[in-house]
$ cat query-v8.txt   # compact mmCIF, C-alpha atoms
# COMPACT_ATOMS: atom_id res chain seq x y z
CA MET A 1 15.18 61.71 13.71
CA ASP A 2 18.79 61.33 14.67
CA ASN A 3 21.36 58.89 13.43
CA ASP A 4 20.84 56.31 16.19
CA ASP A 5 17.13 56.04 15.43
CA ILE A 6 17.85 55.32 11.80
CA LYS A 7 20.34 52.60 12.74
CA SER A 8 17.92 50.82 15.03
CA ASN A 9 14.86 51.10 12.78
CA ILE A 10 16.06 50.42 9.25
CA LEU A 11 17.25 47.06 8.03
CA THR A 12 18.95 46.63 4.69
CA THR A 13 18.96 43.26 3.01
CA THR A 14 18.66 41.70 -0.42
CA LEU A 15 15.34 40.76 -1.91
CA GLU A 16 16.63 37.21 -2.23
CA SER A 17 17.41 36.72 1.43
CA ALA A 18 14.16 38.36 2.48
CA ILE A 19 12.16 36.04 0.23
CA ASN A 20 14.11 32.98 1.31
CA TRP A 21 13.72 33.96 4.95
CA GLY A 22 9.99 34.15 4.47
CA ARG A 23 9.79 30.88 2.59
CA LYS A 24 11.91 28.83 4.93
CA ASN A 25 10.02 29.95 8.01
CA SER A 26 6.57 29.19 6.68
CA LEU A 27 6.81 25.85 4.94
CA TRP A 28 3.32 24.40 4.64
CA PRO A 29 3.61 20.62 4.62
CA MET A 30 1.35 18.27 2.74
CA PRO A 31 1.68 14.89 4.49
CA PHE A 32 1.45 11.89 2.18
CA GLY A 33 1.19 9.32 4.95
CA THR A 34 0.70 5.75 3.77
CA ALA A 35 2.15 3.75 6.66
CA CYS A 36 3.57 3.94 10.17
CA CYS A 37 5.69 6.99 9.25
CA GLY A 38 2.41 8.85 8.83
CA ILE A 39 1.51 7.99 12.41
CA GLU A 40 4.95 9.06 13.56
CA PHE A 41 4.52 12.31 11.68
CA MET A 42 1.51 13.09 13.89
CA ALA A 43 3.89 13.01 16.86
CA VAL A 44 6.06 15.58 15.08
CA LEU A 45 3.07 17.91 15.08
CA ALA A 46 2.20 17.27 18.70
CA ALA A 47 3.30 19.25 21.72
CA ARG A 48 6.63 17.57 22.50
CA THR A 49 8.44 18.23 19.23
CA ASP A 50 5.98 20.78 17.84
CA ILE A 51 7.09 21.88 14.38
CA SER A 52 5.14 25.12 14.73
CA ARG A 53 8.39 26.34 16.31
CA PHE A 54 9.78 26.14 12.77
CA GLY A 55 6.73 27.70 11.15
CA ALA A 56 5.68 24.42 9.56
CA GLU A 57 2.59 23.63 11.57
CA ALA A 58 0.07 24.56 8.89
CA ILE A 59 -0.63 21.05 7.64
CA ARG A 60 -2.59 21.19 4.40
CA PHE A 61 -4.32 18.19 2.95
CA SER A 62 -4.64 19.96 -0.35
CA PRO A 63 -1.54 20.04 -2.55
CA ARG A 64 -2.64 23.39 -3.96
CA GLN A 65 -2.12 25.08 -0.61
CA SER A 66 1.19 23.54 0.36
CA ASP A 67 4.83 23.85 -0.63
CA LEU A 68 6.42 20.91 1.19
CA LEU A 69 5.51 17.32 0.34
CA ILE A 70 6.34 14.85 3.09
CA VAL A 71 6.27 11.31 1.71
CA ALA A 72 5.76 9.20 4.83
CA GLY A 73 5.51 5.50 4.18
CA ARG A 74 5.88 2.86 1.51
CA ILE A 75 4.51 3.74 -1.89
CA SER A 76 2.89 0.91 -3.82
CA ILE A 77 2.58 0.74 -7.58
CA LYS A 78 -1.08 1.68 -7.22
CA MET A 79 -0.23 4.75 -5.11
CA MET A 80 2.65 6.08 -7.22
CA PRO A 81 0.46 7.69 -9.94
CA VAL A 82 -1.45 9.42 -7.11
CA LEU A 83 1.79 10.69 -5.57
CA ILE A 84 2.99 12.00 -8.94
CA ARG A 85 -0.29 13.79 -9.48
CA ILE A 86 -0.19 15.31 -5.99
CA TYR A 87 3.36 16.52 -6.59
CA GLU A 88 2.42 18.06 -9.92
CA GLN A 89 -0.56 19.83 -8.37
CA MET A 90 1.63 21.66 -5.86
CA PRO A 91 2.47 25.23 -6.86
CA GLU A 92 6.07 26.38 -7.16
CA PRO A 93 8.29 26.72 -5.24
CA LYS A 94 8.00 23.26 -3.73
CA TRP A 95 10.19 20.86 -1.83
CA VAL A 96 10.00 17.18 -0.93
CA ILE A 97 11.06 15.34 2.21
CA SER A 98 11.31 11.58 1.90
CA MET A 99 10.56 10.36 5.41
CA GLY A 100 11.77 6.95 6.47
CA ALA A 101 13.41 3.94 4.86
CA CYS A 102 10.41 2.87 2.75
CA ALA A 103 9.85 6.17 0.99
CA SER A 104 13.60 6.58 0.39
CA THR A 105 14.56 3.05 -0.69
CA GLY A 106 11.60 0.70 -0.38
CA GLY A 107 12.93 -0.48 2.97
CA VAL A 108 12.38 -4.14 3.71
CA PHE A 109 9.62 -4.35 1.10
CA ASP A 110 11.69 -5.52 -1.84
CA THR A 111 8.72 -6.87 -3.78
CA TYR A 112 7.01 -6.35 -7.11
CA SER A 113 4.45 -3.93 -5.71
CA VAL A 114 6.56 -1.46 -3.72
CA ILE A 115 8.43 1.49 -5.27
CA GLN A 116 12.12 1.25 -4.40
CA GLY A 117 12.54 4.91 -3.52
CA VAL A 118 10.27 7.73 -4.64
CA ASP A 119 13.32 9.70 -5.83
CA GLN A 120 13.34 7.54 -8.97
CA PHE A 121 10.30 9.46 -10.15
CA ILE A 122 9.95 12.71 -8.20
CA PRO A 123 12.79 15.01 -7.03
CA VAL A 124 13.57 14.67 -3.33
CA ASP A 125 15.41 17.36 -1.35
CA VAL A 126 15.89 15.79 2.07
CA TYR A 127 15.94 12.15 3.12
CA VAL A 128 15.17 11.30 6.73
CA PRO A 129 16.47 7.83 7.69
CA GLY A 130 14.77 5.60 10.21
CA CYS A 131 12.05 3.00 10.44
CA PRO A 132 10.15 5.08 11.33
CA PRO A 133 12.31 8.14 12.08
CA ARG A 134 11.96 9.63 15.52
CA PRO A 135 10.22 13.01 15.60
CA GLU A 136 13.57 14.63 16.34
CA GLY A 137 14.85 13.18 13.07
CA VAL A 138 12.04 14.78 11.12
CA VAL A 139 12.73 18.11 12.82
CA GLU A 140 16.40 17.73 11.88
CA GLY A 141 15.31 17.06 8.29
CA LEU A 142 13.10 20.11 8.34
CA MET A 143 15.99 22.25 9.60
CA LYS A 144 18.22 20.86 6.85
CA LEU A 145 15.54 21.80 4.33
CA GLN A 146 15.38 25.29 5.81
CA GLU A 147 19.12 25.59 5.21
CA LEU A 148 18.61 24.54 1.58
CA VAL A 149 15.76 27.01 1.11
CA ASP A 150 17.89 29.75 2.65
CA LYS A 151 20.70 29.13 0.15
CA GLU A 152 18.50 29.16 -2.93
CA LYS A 153 19.25 31.81 -5.54
CA LEU A 154 16.42 33.57 -7.31
CA SER A 155 18.59 33.70 -10.42
CA ASP A 156 18.54 29.91 -10.49
CA TYR A 157 14.84 29.93 -11.18
CA SER A 158 13.60 29.98 -14.70
CA ILE A 159 10.31 29.04 -16.30
CA ALA A 160 9.81 25.36 -16.95
CA SER A 161 8.99 25.71 -20.65
CA ASP A 162 12.65 26.17 -21.68
CA LYS A 163 13.84 22.81 -20.36
CA MET B 164 -21.02 -33.21 17.82
CA ILE B 165 -21.97 -31.91 14.41
CA LYS B 166 -18.58 -32.31 12.82
CA THR B 167 -18.03 -36.00 13.58
CA LYS B 168 -21.56 -36.73 12.41
CA ILE B 169 -20.98 -34.90 9.14
CA LEU B 170 -17.55 -36.35 8.48
CA SER B 171 -18.64 -39.95 9.10
CA ASN B 172 -21.41 -39.54 6.57
CA ILE B 173 -19.95 -37.29 3.92
CA LYS B 174 -17.97 -39.91 2.02
CA ASN B 175 -21.16 -41.85 1.28
CA LYS B 176 -23.14 -38.73 0.56
CA PHE B 177 -20.67 -37.25 -1.95
CA SER B 178 -18.69 -40.28 -3.10
CA ASP B 179 -17.69 -38.55 -6.38
CA ALA B 180 -16.63 -35.31 -4.74
CA VAL B 181 -14.63 -36.22 -1.66
CA LEU B 182 -10.98 -37.00 -2.33
CA ASP B 183 -9.78 -37.40 1.23
CA ILE B 184 -10.38 -36.42 4.85
CA THR B 185 -7.29 -35.57 6.87
CA GLU B 186 -6.65 -34.38 10.37
CA PHE B 187 -4.04 -31.90 11.51
CA SER B 188 -3.72 -30.57 15.03
CA GLN B 189 -7.22 -31.80 15.95
CA GLU B 190 -8.71 -29.89 13.03
CA HIS B 191 -10.25 -31.74 10.09
CA ILE B 192 -9.64 -30.95 6.46
CA LEU B 193 -12.07 -32.10 3.80
CA HIS B 194 -10.48 -32.44 0.35
CA VAL B 195 -13.00 -31.98 -2.45
CA LYS B 196 -12.97 -31.85 -6.24
CA GLY B 197 -13.46 -28.28 -7.40
CA GLU B 198 -16.57 -28.72 -9.50
CA TYR B 199 -18.56 -30.12 -6.54
CA ILE B 200 -17.63 -27.39 -4.06
CA LEU B 201 -20.92 -25.49 -4.22
CA THR B 202 -23.05 -28.56 -3.51
CA VAL B 203 -20.77 -29.69 -0.67
CA LEU B 204 -20.71 -26.25 0.94
CA THR B 205 -24.48 -25.82 0.55
CA ASP B 206 -24.92 -29.12 2.36
CA LEU B 207 -22.45 -28.17 5.11
CA LYS B 208 -24.18 -24.84 5.60
CA THR B 209 -27.59 -26.45 6.10
CA ASP B 210 -25.98 -28.97 8.48
CA GLY B 211 -24.73 -26.21 10.77
CA PHE B 212 -21.48 -24.72 9.47
CA ASN B 213 -23.16 -21.38 9.04
CA PHE B 214 -20.18 -19.02 8.96
CA LEU B 215 -17.41 -18.58 6.37
CA ALA B 216 -14.48 -17.42 8.45
CA ASP B 217 -11.97 -17.23 5.61
CA LEU B 218 -11.52 -18.02 1.97
CA THR B 219 -8.06 -18.22 0.51
CA ALA B 220 -5.99 -20.09 -2.02
CA ILE B 221 -2.77 -22.11 -2.25
CA ASP B 222 -0.49 -22.69 -5.21
CA ASN B 223 0.76 -26.28 -5.08
CA LEU B 224 3.40 -25.80 -7.78
CA THR B 225 6.26 -26.81 -5.50
CA LEU B 226 4.24 -28.57 -2.82
CA GLY B 227 2.52 -31.30 -4.78
CA GLY B 228 -1.06 -32.37 -4.19
CA PHE B 229 -4.13 -33.50 -6.05
CA GLU B 230 -4.10 -30.45 -8.37
CA ARG B 231 -2.07 -27.30 -8.75
CA PHE B 232 -4.53 -24.81 -7.21
CA VAL B 233 -6.41 -25.15 -3.95
CA VAL B 234 -9.10 -22.82 -2.70
CA SER B 235 -9.65 -23.39 0.99
CA TYR B 236 -12.83 -22.49 2.82
CA HIS B 237 -12.60 -22.12 6.60
CA LEU B 238 -16.00 -22.81 8.07
CA LEU B 239 -17.20 -22.20 11.59
CA CYS B 240 -20.27 -23.52 13.34
CA HIS B 241 -21.52 -20.88 15.75
CA GLN B 242 -23.69 -23.36 17.63
CA THR B 243 -20.93 -25.75 18.68
CA ALA B 244 -17.85 -23.57 17.99
CA GLU B 245 -16.44 -26.25 15.69
CA ARG B 246 -14.25 -25.47 12.72
CA LEU B 247 -13.86 -27.30 9.43
CA THR B 248 -11.55 -26.59 6.52
CA VAL B 249 -12.74 -27.54 3.05
CA LYS B 250 -10.16 -27.59 0.28
CA ALA B 251 -11.29 -27.47 -3.33
CA TYR B 252 -8.79 -28.69 -5.93
CA ILE B 253 -8.73 -27.17 -9.39
CA PRO B 254 -6.43 -27.92 -12.32
CA GLU B 255 -3.82 -25.54 -13.69
CA GLU B 256 -5.41 -25.04 -17.11
CA ASN B 257 -8.56 -22.92 -16.91
CA PRO B 258 -8.86 -22.66 -13.10
CA LEU B 259 -12.60 -22.20 -12.58
CA LEU B 260 -14.78 -22.67 -9.51
CA PRO B 261 -18.44 -22.00 -8.78
CA SER B 262 -18.83 -18.89 -6.64
CA VAL B 263 -20.13 -19.30 -3.08
CA GLU B 264 -21.20 -15.66 -2.94
CA THR B 265 -24.83 -16.87 -2.98
CA LEU B 266 -24.21 -18.72 0.31
CA TRP B 267 -22.10 -16.13 2.11
CA LYS B 268 -21.96 -12.47 1.08
CA THR B 269 -18.49 -12.26 2.61
CA ALA B 270 -17.16 -14.42 -0.21
CA ASP B 271 -17.65 -11.52 -2.64
CA TRP B 272 -14.44 -9.65 -1.82
CA GLN B 273 -12.50 -12.74 -0.79
CA GLU B 274 -13.11 -14.39 -4.14
CA ARG B 275 -12.09 -11.16 -5.84
CA GLU B 276 -8.85 -11.25 -3.82
CA VAL B 277 -8.18 -14.85 -4.86
CA PHE B 278 -8.92 -13.90 -8.47
CA ASP B 279 -6.59 -10.90 -8.22
CA LEU B 280 -3.64 -12.78 -6.77
CA TYR B 281 -4.05 -16.32 -8.19
CA GLY B 282 -6.10 -15.84 -11.35
CA ILE B 283 -8.74 -18.35 -10.27
CA LYS B 284 -12.09 -17.46 -11.83
CA PHE B 285 -15.35 -17.83 -9.96
CA GLU B 286 -18.41 -18.68 -12.01
CA GLY B 287 -21.48 -16.73 -11.01
CA HIS B 288 -19.61 -14.03 -9.10
CA PRO B 289 -21.46 -10.70 -9.47
CA ASN B 290 -18.39 -8.47 -9.89
CA LEU B 291 -15.20 -10.39 -10.55
CA ILE B 292 -12.60 -7.62 -10.99
CA ARG B 293 -9.23 -6.97 -9.36
CA ILE B 294 -9.53 -5.76 -5.79
CA MET B 295 -6.01 -4.70 -4.78
CA ASN B 296 -3.71 -4.54 -7.79
CA PRO B 297 -4.21 -1.78 -10.37
CA ASP B 298 -6.88 -2.57 -12.96
CA ASP B 299 -4.34 -2.76 -15.79
CA PHE B 300 -2.04 -5.11 -13.84
CA ASP B 301 -0.73 -8.06 -15.85
CA GLY B 302 -0.28 -11.43 -14.15
CA TYR B 303 -1.18 -13.03 -10.85
CA PRO B 304 1.51 -12.21 -8.27
CA LEU B 305 0.92 -14.91 -5.63
CA ARG B 306 1.43 -17.72 -8.11
CA LYS B 307 4.70 -19.43 -7.37
CA ASP B 308 6.00 -18.90 -10.90
CA TYR B 309 5.52 -15.13 -10.69
CA PRO B 310 8.91 -13.41 -10.21
CA ARG B 311 9.26 -11.98 -6.70
CA LEU B 312 10.54 -8.64 -7.96
CA GLY B 313 7.81 -8.51 -10.58
CA LYS B 314 7.97 -7.74 -14.24
CA LYS B 315 9.31 -4.17 -13.93
CA GLU B 316 5.91 -2.80 -12.83
CA ARG B 317 7.60 -0.97 -9.99
CA SER B 318 9.93 0.99 -12.24
CA ASN B 319 7.43 1.79 -14.98
CA PHE B 320 6.39 5.36 -14.14
CA PRO B 321 7.04 8.74 -15.71
CA VAL B 322 9.92 10.70 -14.17
CA VAL B 323 8.78 14.12 -12.98
CA ASP B 324 11.38 16.85 -13.09
CA ARG B 325 11.44 19.91 -10.92
CA GLY B 326 8.97 22.36 -12.39
CA ILE B 327 11.52 25.11 -11.93
CA LYS B 328 14.94 24.74 -13.44
CA LYS B 329 17.74 25.03 -10.96
CA LYS B 330 21.24 25.52 -12.32
CA LYS B 331 22.75 23.82 -9.33
CA ARG B 332 20.62 20.85 -8.44
CA ILE B 333 20.26 20.28 -4.75
CA LYS B 334 21.61 16.87 -3.92

$ encode --input "query-v8.txt" --output "structure tokens"
Amino acid sequence: MDNDDIKSNILTTTLESAINWGRKNSLWPMPFGTACCGIEFMAVLAARTDISRFGAEAIRFSPRQSDLLIVAGRISIKMMPVLIRIYEQMPEPKWVISMGACASTGGVFDTYSVIQGVDQFIPVDVYVPGCPPRPEGVVEGLMKLQELVDKEKLSDYSIASDK
Amino acid sequence: MIKTKILSNIKNKFSDAVLDITEFSQEHILHVKGEYILTVLTDLKTDGFNFLADLTAIDNLTLGGFERFVVSYHLLCHQTAERLTVKAYIPEENPLLPSVETLWKTADWQEREVFDLYGIKFEGHPNLIRIMNPDDFDGYPLRKDYPRLGKKERSNFPVVDRGIKKKKRIK
């Protein structure tokens, strides 16, 4: 094997960037669709915008099999304990996209029964504005999340018990 | 027509119960004292108003009226396609009405909804529990004296941190 073969067949990288590369290109979303954003999210999956181009087409309706929670729609006070439980059931590492105005801020529903932004109670990584956001907006949010995943440092991770 | 026949007669038939009969936009509204509502509706059902199209409530706190709470029954006669609204008036203290679930099964969930949002109790209802709000919810949110933004129910949840600790939190 000569020198040129070695150059074209061996790739050197860090473990961190290899892991992050793998994670960011196979995000498995768990859609938490409670309103019209959930319907719009179906369009994100469909042929025109097609998030399988970003490796995120494996929609799981079980939190135990997913690593990306997409909160799509307004969350009522009766639904919030369910959302918290779903989030806690997801295995690490996990990320959250808050899709649309209602999930991010409560939107126009400033009433006793609607949570004014899910980020008060669960950590959110990317907010997608819109009412509902266009599919392109969700893809943009997904790409932003991929950037965040790519920049994560393994040394930043520690076990939860020491917090 | 059935409705004119009923309305011309009903004041004599239920002289204690009927408070008033009004007309709005060619639709008639029968105002009734709350405690007589089951007898009046039983009579109307046998006379032809066989279908309960809707059952809802009104809080008269700022509107005025015979009593504070009104439960309105929207009846429909399938034979002649006539509609009639019956309003039952109940006082503020101990709002209690007889349930019409025995007449129309559809009243089951609608009376639960009225109970959930207005706190009006229905005597004889088979399963009078909250239908939309959480079971431990305190108060009746569609009453006019309930604060619009609630009593902090919407901010009363545990805050979940990231399971992993990140030194630099992603904003």

$ atom_distance --input "query-v8.txt" --atom1 "atom CA of Gly211 of chain B" --atom2 "atom CA of Ser235 of chain B"
18.2 Å

$ atom_distance --input "query-v8.txt" --atom1 "atom CA of Pro297 of chain B" --atom2 "atom CA of Thr111 of chain A"
15.4 Å

$ residues_around --input "query-v8.txt" --residues "segment 193-200 of chain B" --least-positions-apart "3" --cutoff "10 Å" --atoms "only C-alpha atoms" --output "VMD selection string"
chain B and resid 170 173 to 174 177 179 to 186 203 to 206 229 to 230 232 to 236 247 to 254 258 to 263

$ atom_distance --input "query-v8.txt" --atom1 "atom CA of Glu147 of chain A" --atom2 "atom CA of Met99 of chain A"
17.5 Å

$ residues_around --input "query-v8.txt" --residues "Val126 of chain A" --least-positions-apart "3" --cutoff "8 Å" --atoms "all atoms listed in the file" --output "list of chain:residue names"
A:Val96, A:Ile97, A:Ser98, A:Gly141, A:Lys144, A:Leu145

$ residues_around --input "query-v8.txt" --residues "segment 134-136 of chain A" --least-positions-apart "5" --cutoff "12 Å" --atoms "all atoms listed in the file" --output "ChimeraX atom specification"
/A:36-51,99-100,128-129,141-143

$ interface_residues --input "query-v8.txt" --of "chain A" --to "chain B" --cutoff "12 Å" --atoms "only C-alpha atoms" --output "PyMOL selection string"
chain A and resi 75-96+106+109-127+144-145+147-149+151-163

$ axis_aligned_box --input "query-v8.txt" --around "segment 109-126 of chain A" --padding-each-side "3 Å" --output "lines of an AutoDock Vina configuration file"
center_x = 10.2
center_y = 5.2
center_z = -4.0
size_x = 17.4
size_y = 30.2
size_z = 18.2

$ closest_residue --input "query-v8.txt" --among "B:Ile221, B:Ala270, B:Ile165, B:Leu238" --to "Ile192 of chain B" --atoms "all atoms listed in the file"
B:Leu238

$ decode --input "query-v8.txt" --residues "segment 256-329 of chain B" --atoms "C-alpha atoms" --output "PDB file, in the first residue's frame"
ATOM      1  CA  GLU B 256     -76.187  30.598  46.458  1.00  0.00           C
ATOM      2  CA  ASN B 257     -76.330  26.818  46.019  1.00  0.00           C
ATOM      3  CA  PRO B 258     -76.926  26.678  42.244  1.00  0.00           C
ATOM      4  CA  LEU B 259     -78.788  23.397  41.806  1.00  0.00           C
ATOM      5  CA  LEU B 260     -80.934  22.082  38.965  1.00  0.00           C
ATOM      6  CA  PRO B 261     -82.619  18.752  38.286  1.00  0.00           C
ATOM      7  CA  SER B 262     -80.710  16.809  35.644  1.00  0.00           C
ATOM      8  CA  VAL B 263     -82.378  16.208  32.276  1.00  0.00           C
ATOM      9  CA  GLU B 264     -80.100  13.269  31.542  1.00  0.00           C
ATOM     10  CA  THR B 265     -83.137  10.986  31.940  1.00  0.00           C
ATOM     11  CA  LEU B 266     -84.820  12.769  29.009  1.00  0.00           C
ATOM     12  CA  TRP B 267     -81.838  13.139  26.690  1.00  0.00           C
ATOM     13  CA  LYS B 268     -78.656  11.099  27.052  1.00  0.00           C
ATOM     14  CA  THR B 269     -76.746  13.920  25.364  1.00  0.00           C
ATOM     15  CA  ALA B 270     -77.250  16.049  28.468  1.00  0.00           C
ATOM     16  CA  ASP B 271     -74.793  13.836  30.369  1.00  0.00           C
ATOM     17  CA  TRP B 272     -71.592  15.444  29.089  1.00  0.00           C
ATOM     18  CA  GLN B 273     -73.130  18.867  28.540  1.00  0.00           C
ATOM     19  CA  GLU B 274     -74.240  19.079  32.153  1.00  0.00           C
ATOM     20  CA  ARG B 275     -70.773  17.963  33.216  1.00  0.00           C
ATOM     21  CA  GLU B 276     -69.340  20.799  31.112  1.00  0.00           C
ATOM     22  CA  VAL B 277     -71.660  23.337  32.735  1.00  0.00           C
ATOM     23  CA  PHE B 278     -70.716  21.947  36.146  1.00  0.00           C
ATOM     24  CA  ASP B 279     -67.015  22.150  35.279  1.00  0.00           C
ATOM     25  CA  LEU B 280     -67.082  25.742  34.060  1.00  0.00           C
ATOM     26  CA  TYR B 281     -69.913  27.332  36.095  1.00  0.00           C
ATOM     27  CA  GLY B 282     -70.175  25.161  39.204  1.00  0.00           C
ATOM     28  CA  ILE B 283     -73.878  24.511  38.699  1.00  0.00           C
ATOM     29  CA  LYS B 284     -74.823  21.150  40.213  1.00  0.00           C
ATOM     30  CA  PHE B 285     -77.303  18.819  38.575  1.00  0.00           C
ATOM     31  CA  GLU B 286     -79.390  16.669  40.874  1.00  0.00           C
ATOM     32  CA  GLY B 287     -79.758  13.103  39.673  1.00  0.00           C
ATOM     33  CA  HIS B 288     -76.841  13.228  37.238  1.00  0.00           C
ATOM     34  CA  PRO B 289     -75.171   9.786  37.100  1.00  0.00           C
ATOM     35  CA  ASN B 290     -71.550  10.994  36.987  1.00  0.00           C
ATOM     36  CA  LEU B 291     -71.150  14.664  37.838  1.00  0.00           C
ATOM     37  CA  ILE B 292     -67.367  15.179  37.678  1.00  0.00           C
ATOM     38  CA  ARG B 293     -65.189  17.672  35.821  1.00  0.00           C
ATOM     39  CA  ILE B 294     -64.988  16.972  32.104  1.00  0.00           C
ATOM     40  CA  MET B 295     -62.288  19.320  30.779  1.00  0.00           C
ATOM     41  CA  ASN B 296     -60.342  20.911  33.608  1.00  0.00           C
ATOM     42  CA  PRO B 297     -57.978  18.758  35.684  1.00  0.00           C
ATOM     43  CA  ASP B 298     -59.709  16.849  38.483  1.00  0.00           C
ATOM     44  CA  ASP B 299     -57.926  18.846  41.189  1.00  0.00           C
ATOM     45  CA  PHE B 300     -58.821  22.202  39.597  1.00  0.00           C
ATOM     46  CA  ASP B 301     -60.095  24.813  42.033  1.00  0.00           C
ATOM     47  CA  GLY B 302     -62.825  27.224  40.931  1.00  0.00           C
ATOM     48  CA  TYR B 303     -65.181  27.621  38.007  1.00  0.00           C
ATOM     49  CA  PRO B 304     -63.420  29.531  35.218  1.00  0.00           C
ATOM     50  CA  LEU B 305     -66.367  30.762  33.122  1.00  0.00           C
ATOM     51  CA  ARG B 306     -67.909  32.614  36.037  1.00  0.00           C
ATOM     52  CA  LYS B 307     -67.532  36.324  35.466  1.00  0.00           C
ATOM     53  CA  ASP B 308     -65.765  36.844  38.792  1.00  0.00           C
ATOM     54  CA  TYR B 309     -63.053  34.313  37.935  1.00  0.00           C
ATOM     55  CA  PRO B 310     -59.816  36.138  37.021  1.00  0.00           C
ATOM     56  CA  ARG B 311     -59.053  35.840  33.303  1.00  0.00           C
ATOM     57  CA  LEU B 312     -55.435  34.900  33.906  1.00  0.00           C
ATOM     58  CA  GLY B 313     -56.446  32.417  36.565  1.00  0.00           C
ATOM     59  CA  LYS B 314     -55.121  31.863  40.030  1.00  0.00           C
ATOM     60  CA  LYS B 315     -51.552  30.940  39.035  1.00  0.00           C
ATOM     61  CA  GLU B 316     -52.584  27.447  37.859  1.00  0.00           C
ATOM     62  CA  ARG B 317     -50.621  27.978  34.665  1.00  0.00           C
ATOM     63  CA  SER B 318     -47.335  28.618  36.435  1.00  0.00           C
ATOM     64  CA  ASN B 319     -47.663  25.933  39.094  1.00  0.00           C
ATOM     65  CA  PHE B 320     -45.543  23.104  37.689  1.00  0.00           C
ATOM     66  CA  PRO B 321     -42.190  21.595  38.609  1.00  0.00           C
ATOM     67  CA  VAL B 322     -39.233  22.940  36.630  1.00  0.00           C
ATOM     68  CA  VAL B 323     -37.344  20.138  34.901  1.00  0.00           C
ATOM     69  CA  ASP B 324     -33.644  20.695  34.422  1.00  0.00           C
ATOM     70  CA  ARG B 325     -31.518  19.144  31.747  1.00  0.00           C
ATOM     71  CA  GLY B 326     -30.722  15.625  32.862  1.00  0.00           C
ATOM     72  CA  ILE B 327     -27.133  16.179  31.823  1.00  0.00           C
ATOM     73  CA  LYS B 328     -25.219  19.086  33.223  1.00  0.00           C
ATOM     74  CA  LYS B 329     -23.803  21.374  30.615  1.00  0.00           C
TER      75      LYS B 329
END
